[in-house]
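What follows is one structure encoded as structure tokens, with my remarks underneath.
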Amino acid sequence: MTPDRSPSLAEAPAAAAEAVLAPQPLPVNTATADDHPRAVVRLLNIGHALDHLFILIFATAVGSIAAEFGFARWEDLMPYGVGAFFLFGLGSVPAGRLGDLWGRRPMMLVFFFGLGVAALVTSLAQGPWQLAAGLTLIGAFAAIYHPVGIPMLVQRARQPGAVIGLNGLAGNLGVAGAALLTGFLVQWLGWRAAFVVPGLASIACGVAFARLCPPQGEPPGRSRKPPAVVLPRALLMRALTVMTAAAVTGSLLFNFTTNGNTQFMVERFAGVIEDPALIGLLLAAVYAVASLAQVVVGRLIDRVPLKRLYLGIILAQIPWLLLAAVGQGWWLFVALTGAMVCIFGAIPFTDAMIVKYVDDRVRSRVAGMRLAVSFGISSAAVWLLGPVVKASGFTTLFLLMAGIALCTAAVVLWLPSDRAVREAAAGGER
């Protein structure tokens with residue numbers, strides 16, 4: 001059953017459960033894990049890297065852009081980027097709906113070409129409001145990937161945890177690329193090139209995807225691949241509520257760190273390293289190491305009880321964030337690496353829960369609703385980052401993030417245990 005209107009953020013978990021529990025036709029999807037050509041899998045993973053790279057170009061180049069536009073402090077320019085993150089979340093709802101009902105292949109073409117053109121438009125900005133408009137356009141097209149690209153990738157996977165982990169590695173290498181590539185482009189060619197070069201790369205990927213990805217047949221919304229575990233309504237609502245709430249707090253940590261880490265390292269390495277390109281290289285190394293955690297976690301998801309693994313990774317975030325709050329120089333580098341390993345390591349769980357509990361027929365819509373809630377609310381992190389740091393400093397910010405991680409752990413405790421899931425799947429409900 002598909003609602004005639006997009007649900008509000010408060011209605012999203014209930015609407016997602018209603019969509020999953022609605023009467024569905026008999027399964028007809030018998031595709032295997034090998035049905036996607038390797039080139040298509042690579043392009044879907046590259047798309048995830050580009051998605052995160054584009055959304056963080058501004059945060060990495062904000063110092064140079066602020067200087068050109070006449071801002072005395074980079075913090076004062078940060079709020080102009082909030083539109084990108086707001087649409088990155090809100091746009092997931094229509095993107096997911098179109099992915100299910102129109103088709104995921106055509107939506108991925110819109111993603112590659114639209115993102116590239118939006119980046120080229122942003123590079124032409126002559127003032128802060130033109131920049132804000134361009135960044136918002138980037139956010140609108142970037143919103144397509146998560147509810148469309150990931151479901152397309154896992155819809156034929158026999159080991160979805162491993163597939164999600166590798167895809168997460170690709171996405172967070174895009175985060176690393178934003179720090180590294182943007183740093184070098186800003187230093188040698190200026191901030192506008194930091195949008196132009198990835199924009200052209202995205203358009204080239206769109207051309208390759210159009211040629212290499214074969215037609216996918218009928219859209220997912222007209223077929224069905226049942227979830228791995230069929231839960232009764234009460235447990236499904238509980239799992240979707242936990243998934244959404246944990247995604248909100250996890251996205252807050254992700255946005256606070258990935259948008260603030262460049263300036264955080266500049267401040268804490270003052271007198272030790274002054275070269276912005278070298279700072280970008282160090283931050284890229286942090287993200288590259290942290291990204292490997294998603295591959296490990298993805299494989300563990302297929303083997304270890306979900307709740308136990310998720311809770312352990314969330315609790316590990318807290319001491320690293322506390323150490324980063326007070327760290328300086330190279331000790332800060334170690335603490336920040338540990339914190340980002342745990343923050344990135346928590347990312348695959350929401351996608352794994354969607355694959356485990358949600359019918360592929362509505363998977364993009366459920367993912368879109370979840371993303372709209374988490375990214376929509378967490379876009380406040382981008383808005384608040386500059387004012388919070390300006391008023392209280394990075395120490396307060398990292399202490400706040402440790403508190404957010406503690407809240408996430410409390411939410412995850414409410415996730416149904418594997419024993420409850422097994423009993424429910426067998427016909428009982430705990």
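Each chain of the structure tokens is named A, B, ... in the order shown, its residues numbered from 1; ligands are numbered from 1 in display order.
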Ala277 in chain A surroundings by only C-alpha atoms, 10 Å radius, close-in-sequence under 6 positions cut, as a PyMOL selection string: chain A and resi 179-188+283
Those residues you just picked out, can you put them in a file as an mmCIF file, in the first residue's frame with C-alpha atoms?
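Written file, out.cif:
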data_model
loop_
_atom_site.group_PDB
_atom_site.id
_atom_site.type_symbol
_atom_site.label_atom_id
_atom_site.label_comp_id
_atom_site.auth_asym_id
_atom_site.auth_seq_id
_atom_site.Cartn_x
_atom_site.Cartn_y
_atom_site.Cartn_z
ATOM 1 C CA ALA A 179 39.472 16.127 2.611
ATOM 2 C CA LEU A 180 42.352 15.134 0.342
ATOM 3 C CA LEU A 181 41.198 16.130 -3.151
ATOM 4 C CA THR A 182 39.527 19.340 -2.055
ATOM 5 C CA GLY A 183 42.564 20.356 -0.013
ATOM 6 C CA PHE A 184 44.911 19.998 -2.973
ATOM 7 C CA LEU A 185 42.523 21.556 -5.505
ATOM 8 C CA VAL A 186 41.884 24.548 -3.244
ATOM 9 C CA GLN A 187 45.609 25.077 -2.702
ATOM 10 C CA TRP A 188 46.677 24.753 -6.344
ATOM 11 C CA LEU A 283 42.407 13.908 7.707
#
Residue neighbourhood Gly127 in chain A, 12 Å, only C-alpha atoms, exclusion window fewer than 2 positions, as a list in words: Ile65, Ala66, Ala67, Glu68, Phe69, Gly70, Phe71, Leu77, Tyr80, Thr122, Ser123, Leu124, Ala125, Trp129, Gln130, Leu131, Ala132, Ala133 and Gly134 of chain A
Test item, alpha helix (DSSP H) assignment across range 26-78 of chain A, answer as a PyMOL selection string: chain A and resi 38-68
Please, could you write that set of residues out with N, CA and C atoms as a PDB file, in the first residue's frame?
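Dumped everything to result15.pdb:
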ATOM      1  N   ARG A  38      30.024  -6.776 -12.844  1.00  0.00           N
ATOM      2  CA  ARG A  38      30.996  -6.172 -11.918  1.00  0.00           C
ATOM      3  C   ARG A  38      31.157  -4.679 -12.164  1.00  0.00           C
ATOM      4  N   ALA A  39      31.107  -4.275 -13.432  1.00  0.00           N
ATOM      5  CA  ALA A  39      31.259  -2.857 -13.744  1.00  0.00           C
ATOM      6  C   ALA A  39      30.131  -2.035 -13.124  1.00  0.00           C
ATOM      7  N   VAL A  40      28.929  -2.601 -13.070  1.00  0.00           N
ATOM      8  CA  VAL A  40      27.791  -1.893 -12.478  1.00  0.00           C
ATOM      9  C   VAL A  40      27.973  -1.791 -10.967  1.00  0.00           C
ATOM     10  N   VAL A  41      28.444  -2.876 -10.346  1.00  0.00           N
ATOM     11  CA  VAL A  41      28.710  -2.841  -8.905  1.00  0.00           C
ATOM     12  C   VAL A  41      29.758  -1.780  -8.590  1.00  0.00           C
ATOM     13  N   ARG A  42      30.806  -1.721  -9.389  1.00  0.00           N
ATOM     14  CA  ARG A  42      31.847  -0.706  -9.169  1.00  0.00           C
ATOM     15  C   ARG A  42      31.273   0.703  -9.294  1.00  0.00           C
ATOM     16  N   LEU A  43      30.447   0.924 -10.305  1.00  0.00           N
ATOM     17  CA  LEU A  43      29.880   2.258 -10.494  1.00  0.00           C
ATOM     18  C   LEU A  43      28.919   2.618  -9.365  1.00  0.00           C
ATOM     19  N   LEU A  44      28.171   1.633  -8.854  1.00  0.00           N
ATOM     20  CA  LEU A  44      27.304   1.912  -7.708  1.00  0.00           C
ATOM     21  C   LEU A  44      28.127   2.274  -6.474  1.00  0.00           C
ATOM     22  N   ASN A  45      29.251   1.609  -6.283  1.00  0.00           N
ATOM     23  CA  ASN A  45      30.126   1.952  -5.160  1.00  0.00           C
ATOM     24  C   ASN A  45      30.810   3.299  -5.376  1.00  0.00           C
ATOM     25  N   ILE A  46      31.228   3.578  -6.608  1.00  0.00           N
ATOM     26  CA  ILE A  46      31.801   4.896  -6.910  1.00  0.00           C
ATOM     27  C   ILE A  46      30.762   5.985  -6.670  1.00  0.00           C
ATOM     28  N   GLY A  47      29.500   5.680  -7.007  1.00  0.00           N
ATOM     29  CA  GLY A  47      28.438   6.649  -6.754  1.00  0.00           C
ATOM     30  C   GLY A  47      28.327   6.999  -5.281  1.00  0.00           C
ATOM     31  N   HIS A  48      28.502   6.008  -4.407  1.00  0.00           N
ATOM     32  CA  HIS A  48      28.464   6.282  -2.968  1.00  0.00           C
ATOM     33  C   HIS A  48      29.633   7.182  -2.560  1.00  0.00           C
ATOM     34  N   ALA A  49      30.807   6.921  -3.126  1.00  0.00           N
ATOM     35  CA  ALA A  49      31.961   7.779  -2.837  1.00  0.00           C
ATOM     36  C   ALA A  49      31.704   9.212  -3.294  1.00  0.00           C
ATOM     37  N   LEU A  50      31.181   9.369  -4.504  1.00  0.00           N
ATOM     38  CA  LEU A  50      30.893  10.711  -5.019  1.00  0.00           C
ATOM     39  C   LEU A  50      29.839  11.404  -4.164  1.00  0.00           C
ATOM     40  N   ASP A  51      28.842  10.665  -3.713  1.00  0.00           N
ATOM     41  CA  ASP A  51      27.764  11.241  -2.913  1.00  0.00           C
ATOM     42  C   ASP A  51      28.320  11.932  -1.680  1.00  0.00           C
ATOM     43  N   HIS A  52      29.183  11.232  -0.947  1.00  0.00           N
ATOM     44  CA  HIS A  52      29.742  11.819   0.276  1.00  0.00           C
ATOM     45  C   HIS A  52      30.803  12.867  -0.032  1.00  0.00           C
ATOM     46  N   LEU A  53      31.531  12.691  -1.109  1.00  0.00           N
ATOM     47  CA  LEU A  53      32.526  13.690  -1.480  1.00  0.00           C
ATOM     48  C   LEU A  53      31.865  15.033  -1.757  1.00  0.00           C
ATOM     49  N   PHE A  54      30.807  15.019  -2.580  1.00  0.00           N
ATOM     50  CA  PHE A  54      30.162  16.277  -2.961  1.00  0.00           C
ATOM     51  C   PHE A  54      29.561  16.999  -1.771  1.00  0.00           C
ATOM     52  N   ILE A  55      28.964  16.251  -0.861  1.00  0.00           N
ATOM     53  CA  ILE A  55      28.267  16.890   0.241  1.00  0.00           C
ATOM     54  C   ILE A  55      29.232  17.528   1.238  1.00  0.00           C
ATOM     55  N   LEU A  56      30.546  17.177   1.131  1.00  0.00           N
ATOM     56  CA  LEU A  56      31.529  17.702   2.082  1.00  0.00           C
ATOM     57  C   LEU A  56      32.561  18.633   1.442  1.00  0.00           C
ATOM     58  N   ILE A  57      32.448  18.900   0.153  1.00  0.00           N
ATOM     59  CA  ILE A  57      33.393  19.828  -0.488  1.00  0.00           C
ATOM     60  C   ILE A  57      33.343  21.188   0.208  1.00  0.00           C
ATOM     61  N   PHE A  58      32.142  21.683   0.444  1.00  0.00           N
ATOM     62  CA  PHE A  58      31.990  23.003   1.053  1.00  0.00           C
ATOM     63  C   PHE A  58      32.644  23.077   2.424  1.00  0.00           C
ATOM     64  N   ALA A  59      32.416  22.046   3.258  1.00  0.00           N
ATOM     65  CA  ALA A  59      32.980  22.065   4.611  1.00  0.00           C
ATOM     66  C   ALA A  59      34.499  22.087   4.581  1.00  0.00           C
ATOM     67  N   THR A  60      35.094  21.449   3.564  1.00  0.00           N
ATOM     68  CA  THR A  60      36.550  21.411   3.473  1.00  0.00           C
ATOM     69  C   THR A  60      37.114  22.720   2.929  1.00  0.00           C
ATOM     70  N   ALA A  61      36.389  23.338   2.011  1.00  0.00           N
ATOM     71  CA  ALA A  61      36.881  24.557   1.352  1.00  0.00           C
ATOM     72  C   ALA A  61      36.345  25.830   1.993  1.00  0.00           C
ATOM     73  N   VAL A  62      35.584  25.728   3.085  1.00  0.00           N
ATOM     74  CA  VAL A  62      34.878  26.884   3.616  1.00  0.00           C
ATOM     75  C   VAL A  62      35.815  28.030   3.992  1.00  0.00           C
ATOM     76  N   GLY A  63      37.023  27.729   4.464  1.00  0.00           N
ATOM     77  CA  GLY A  63      37.955  28.795   4.827  1.00  0.00           C
ATOM     78  C   GLY A  63      38.319  29.661   3.640  1.00  0.00           C
ATOM     79  N   SER A  64      38.629  29.046   2.511  1.00  0.00           N
ATOM     80  CA  SER A  64      38.993  29.787   1.296  1.00  0.00           C
ATOM     81  C   SER A  64      37.806  30.540   0.722  1.00  0.00           C
ATOM     82  N   ILE A  65      36.628  29.916   0.730  1.00  0.00           N
ATOM     83  CA  ILE A  65      35.431  30.572   0.202  1.00  0.00           C
ATOM     84  C   ILE A  65      35.078  31.787   1.059  1.00  0.00           C
ATOM     85  N   ALA A  66      35.161  31.625   2.389  1.00  0.00           N
ATOM     86  CA  ALA A  66      34.843  32.732   3.293  1.00  0.00           C
ATOM     87  C   ALA A  66      35.767  33.923   3.045  1.00  0.00           C
ATOM     88  N   ALA A  67      37.043  33.645   2.829  1.00  0.00           N
ATOM     89  CA  ALA A  67      37.991  34.731   2.579  1.00  0.00           C
ATOM     90  C   ALA A  67      37.654  35.467   1.285  1.00  0.00           C
ATOM     91  N   GLU A  68      37.298  34.721   0.227  1.00  0.00           N
ATOM     92  CA  GLU A  68      36.973  35.363  -1.050  1.00  0.00           C
ATOM     93  C   GLU A  68      35.690  36.187  -0.959  1.00  0.00           C
TER      94      GLU A  68
END
Distance of CA of Thr262 in chain A from CA of Gly280 in chain A, expressed in Å to one decimal place: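 We find that CA of Gly280 in chain A and CA of Thr262 in chain A lie 7.2 Å from each other.
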Close residues, Phe209 in chain A itself excluded, 8 Å, only C-alpha atoms, min 2 positions apart in chain, as a list in words: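 Those residues are Val40, Leu43, Leu109, Cys205, Gly206, Val207, Arg211, Leu212 and Cys213 of chain A.
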Nearest residue to Ala288 in chain A from the set A:Leu309, A:Ala170, A:Ala119, A:Ala95 (distances using only C-alpha atoms):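 Distance minimum relative to Ala288 in chain A lands on A:Ala170.
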Neighbour list for Glu267 in chain A as a ChimeraX atom specification, cut-off 10 Å, only C-alpha atoms, skip fewer than 6 positions in-chain: /A:261,273-274,328-329,394
Output the selection as a compact mmCIF listing (two decimals), in the first residue's frame - N, CA and C atoms for each residue.
# COMPACT_ATOMS: atom_id res chain seq x y z
N ASN A 261 35.81 18.58 11.20
CA ASN A 261 37.14 18.03 11.47
C ASN A 261 38.28 18.81 10.83
N ILE A 273 51.63 21.96 12.39
CA ILE A 273 51.44 21.87 10.94
C ILE A 273 50.59 23.06 10.51
N GLU A 274 51.09 23.82 9.55
CA GLU A 274 50.36 24.99 9.05
C GLU A 274 49.90 24.82 7.61
N GLN A 328 45.60 17.27 21.79
CA GLN A 328 46.33 18.27 21.02
C GLN A 328 47.35 17.56 20.14
N GLY A 329 47.64 18.14 18.98
CA GLY A 329 48.70 17.60 18.14
C GLY A 329 48.49 16.15 17.77
N PHE A 394 35.75 23.77 20.35
CA PHE A 394 35.64 22.37 19.94
C PHE A 394 35.58 21.41 21.13
Closest of A:Ala245, A:Met107, A:Leu384, A:Leu311 to Gly260 in chain A - atom-to-atom distances counting only C-alpha atoms: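 Among A:Ala245, A:Met107, A:Leu384, A:Leu311, it is A:Leu384 that comes nearest to Gly260 in chain A.
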Pick from A:Gly190, A:Gly149, A:Gly327, A:Gly139 nearest to Leu115 in chain A, counting only C-alpha atoms: A:Gly139
Nearest candidate to Ala143 in chain A (options A:Ser92, A:Asn167, A:Asn259, A:Gln317; using only C-alpha atoms):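 Distance minimum relative to Ala143 in chain A lands on A:Ser92.
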